[in-house]
Amino acid sequence: MSEKVRVAVIGAGLMGHGIAQAFAQAGHPVMLTDANIDVLNSAPGCIERNLVEMGLPVASALRNISVQADFAAAVERADLIVEAVSERLDLKQTLFANFVAMAPAHAILASNTSVIPISEIASNLSRADRGRVLGTHWWNPPHLIPLVEVIRTVDTYDEMFDSTYLIIKSIGKLPVKVNVDLPGVEAGVCDARTIDTVVKNSFGRRLSVLGPMENADLVGLELIRDVHKILFPHLSRAQSPSVLLEHLLSKGETGVGTGKGLFKWSEDSIEEVRSKLANHLIACTQAVSHHGENNE
Ligand SMILES: NC(=O)c1ccc[n+]([C@@H]2O[C@H](COP(=O)([O-])OP(=O)(O)OC[C@H]3O[C@@H](n4cnc5c(N)ncnc54)[C@H](O)[C@@H]3O)[C@@H](O)[C@H]2O)c1
């Protein structure tokens with residue numbers, strides 16, 4: 001995708017400024033806004049620091065970002081709006097109604113919500129406007145983690161879902177399509193391969209240097225609590241092994257030992273995974289000893 005997409009990012013906090021950076025870095029003009037003027041004014045400095053750390057050109061990316069305190073001015077010319085404000089349903093619903101009122105009718109309306117179903121965010125809109133709403137779920141830090149889940153509802157227009165996927169791909173990220181809008185993973189949401197792609201390219205990238213408890217403090221415990229409130233009621237409380245596992249085992253599909261499990265395996269693919277793992281762990285060990293670090 002070579003043409004420029006006018007992006008508006010709403011919320012310039014931990015996620016919003018990094019999302020704005022990712023689009024600006026790829027040459028797209030970005031309007032960045034936040035209700036908190038201090039957060040908004042600090043965003044360009046944070047983005048500059050990120051770019052320097054990444055060894056990327058600063059001036060050209062920053063030139064693409066306009067910091068805009070006026071909400072209407074931020075969205076009135078947008079092709080794609082990415083909402084990254086606090087994790088509250090009422091707040092997001094109000095904002096999406098404002099997007100509909102103030103943004104061009106062709107604008108795609110995306111939420112970066114962690115766990116609120118996208119269909120609930122869109123529930124007060126007309127049928128036609130619900131079609132414009134989808135999720136783009138980025139991972140912290142968004143300028144460094146490749147994976148972005150693109151999430152549709154039953155109402156999302158196919159063209160908007162597909163073009164969002166392509167825009168995210170064109171800026172060098174790794175989008176995956178999530179076809180069912182559920183808080184959590186349930187049977188049928190995606191296949192085993194997609195689950196591994198998501199884990200390896202999102203939080204898996206940071207786990208060896210940022211544990212889940214450190215991450216909780218880093219993103220703030222209010223957000224963690226808001227996520228728990230929504231997610232926990234949907235988590236499996238099964239008292240027995242997964243039905244899928246029992247089904248595969250009943251067919252004798254035990255994994256690499258039989259050449260079939262959650263995946264199909266050949267001698268070559270087993271060796272490929274084994275040597276990739278060994279090389280990765282050797283490189284990590286060398287990087288740690290090179291920096292004289294001790295993880296304990
Ligand atoms: N932090 C993470 O690891 C992470 C990962 C994926 C998704 N998310 C989701 O991204 C969203 C933002 O999270 P965050 O960690 O960046 O939060 P944050 O608190 O750092 O930033 C949110 C920003 O939204 C602003 N805001 C609140 N109301 C606003 C309004 N009406 N208009 C404009 N700005 C407004 C706040 O001033 C704040 O600066 C949440 O929905 C969160 O669940 C967070």
# chains A, B, ... in the order shown; residues from 1 in each chain; ligands from 1
>>> residues_around(residues="region 35-46 of chain A", least_positions_apart="3", cutoff="12 Å", atoms="only C-alpha atoms", output="ChimeraX atom specification")
/A:9-21,24,30-32,49-53,58-59,61-71,74,84-86,91,95,141,143
>>> select_by_dssp(residues="region 122-232 of chain A", states="strand (DSSP E or B)", output="PyMOL selection string")
chain A and resi 133-138+147-151+174-178
>>> write_last_selection(atoms="N, CA and C atoms", output="tab-separated table (two decimals), in the first residue's frame")
chain	number	residue	atom	x	y	z
A	133	VAL	N	-16.53	-0.21	12.44
A	133	VAL	CA	-15.81	-0.40	13.70
A	133	VAL	C	-15.11	-1.76	13.74
A	134	LEU	N	-13.86	-1.76	14.16
A	134	LEU	CA	-13.09	-3.00	14.32
A	134	LEU	C	-12.05	-2.78	15.41
A	135	GLY	N	-11.32	-3.84	15.73
A	135	GLY	CA	-10.25	-3.72	16.72
A	135	GLY	C	-8.90	-3.81	16.05
A	136	THR	N	-7.95	-2.99	16.52
A	136	THR	CA	-6.54	-3.22	16.18
A	136	THR	C	-5.84	-3.30	17.53
A	137	HIS	N	-5.48	-4.50	17.93
A	137	HIS	CA	-4.89	-4.69	19.25
A	137	HIS	C	-3.38	-4.78	19.14
A	138	TRP	N	-2.72	-3.69	19.57
A	138	TRP	CA	-1.26	-3.61	19.56
A	138	TRP	C	-0.75	-4.09	20.91
A	147	LEU	N	3.51	-7.82	16.42
A	147	LEU	CA	2.17	-8.36	16.21
A	147	LEU	C	1.05	-7.32	16.45
A	148	VAL	N	0.07	-7.29	15.57
A	148	VAL	CA	-1.15	-6.50	15.78
A	148	VAL	C	-2.34	-7.39	15.40
A	149	GLU	N	-3.24	-7.63	16.36
A	149	GLU	CA	-4.44	-8.40	16.04
A	149	GLU	C	-5.49	-7.47	15.43
A	150	VAL	N	-6.01	-7.85	14.27
A	150	VAL	CA	-7.08	-7.07	13.64
A	150	VAL	C	-8.36	-7.87	13.86
A	151	ILE	N	-9.28	-7.26	14.61
A	151	ILE	CA	-10.45	-8.01	15.12
A	151	ILE	C	-11.73	-7.48	14.49
A	174	LEU	N	3.17	-7.13	11.88
A	174	LEU	CA	2.69	-8.47	11.54
A	174	LEU	C	1.23	-8.59	12.00
A	175	PRO	N	0.28	-8.28	11.09
A	175	PRO	CA	-1.12	-8.39	11.51
A	175	PRO	C	-1.62	-9.82	11.44
A	176	VAL	N	-2.52	-10.20	12.35
A	176	VAL	CA	-3.25	-11.46	12.20
A	176	VAL	C	-4.73	-11.12	12.29
A	177	LYS	N	-5.53	-11.88	11.53
A	177	LYS	CA	-6.97	-11.61	11.53
A	177	LYS	C	-7.65	-12.43	12.63
A	178	VAL	N	-8.42	-11.76	13.45
A	178	VAL	CA	-9.21	-12.45	14.47
A	178	VAL	C	-10.67	-12.29	14.04
>>> residues_around(residues="Arg130 (chain A)", least_positions_apart="5", cutoff="9 Å", atoms="only C-alpha atoms", output="number ranges by chain")
A: 119, 122-125, 153, 155-157
>>> atom_distance(atom1="atom 18 (P, counted along the ligand's line) of ligand 1", atom2="CA of Val115 (chain A)")
14.7 Å
>>> atom_distance(atom1="CA of Asp181 (chain A)", atom2="CA of Ser240 (chain A)")
26.0 Å
>>> residues_around(residues="Arg205 (chain A)", least_positions_apart="4", cutoff="8 Å", atoms="only C-alpha atoms", output="PyMOL selection string")
chain A and resi 145+200-201
>>> select_by_dssp(residues="region 59-212 of chain A", states="alpha helix (DSSP H)", output="ChimeraX atom specification")
/A:59-63,71-75,89-102,118-121,127-130,158-170,192-201,203-206,212
>>> closest_atom_pairs(of="region 9-128 of chain A", to="region 161-171 of chain A", cutoff="12 Å", atoms="only C-alpha atoms", output="CSV")
residue,atom,partner,partner_atom,distance
A:Ile19,CA,A:Ile168,CA,10.6
A:Ala20,CA,A:Ile171,CA,11.5
A:Gln21,CA,A:Ile171,CA,10.6
A:Ala22,CA,A:Ile171,CA,7.1
A:Phe23,CA,A:Ile171,CA,6.5
A:Ala24,CA,A:Ile171,CA,9.1
A:Gln25,CA,A:Ile171,CA,8.0
A:Ala26,CA,A:Ile171,CA,5.3
A:Gly27,CA,A:Ile171,CA,8.5
A:His28,CA,A:Ile171,CA,9.0
A:Asp79,CA,A:Thr164,CA,10.5
A:Leu80,CA,A:Thr164,CA,8.4
A:Ile81,CA,A:Thr164,CA,10.7
A:Val82,CA,A:Thr164,CA,10.8
A:Ala107,CA,A:Thr164,CA,10.9
A:Ile108,CA,A:Thr164,CA,7.9
A:Leu109,CA,A:Thr164,CA,9.9
A:Ala110,CA,A:Thr164,CA,8.9
A:Ser111,CA,A:Thr164,CA,11.9
>>> atom_distance(atom1="CA of Val219 (chain A)", atom2="CA of His234 (chain A)")
22.2 Å
>>> closest_residue(among="A:Glu48, A:Glu120, A:Asp158, A:Asp217", to="ligand 1", atoms="only C-alpha atoms and all ligand atoms")
A:Asp217
>>> closest_residue(among="A:Gly55, A:Gly131, A:Gly252, A:Gly220", to="ligand 1", atoms="only C-alpha atoms and all ligand atoms")
A:Gly220
>>> closest_residue(among="A:Glu267, A:Glu83, A:Glu3, A:Glu76", to="ligand 1", atoms="only C-alpha atoms and all ligand atoms")
A:Glu83
>>> closest_residue(among="A:Gln239, A:Asn98, A:Ser126, A:Thr33", to="ligand 1", atoms="only C-alpha atoms and all ligand atoms")
A:Thr33
>>> closest_residue(among="A:Val243, A:Leu89, A:Ala128, A:Val199", to="ligand 1", atoms="only C-alpha atoms and all ligand atoms")
A:Leu89
>>> closest_residue(among="A:Pro104, A:Met213, A:Val227, A:Met54", to="ligand 1", atoms="only C-alpha atoms and all ligand atoms")
A:Val227
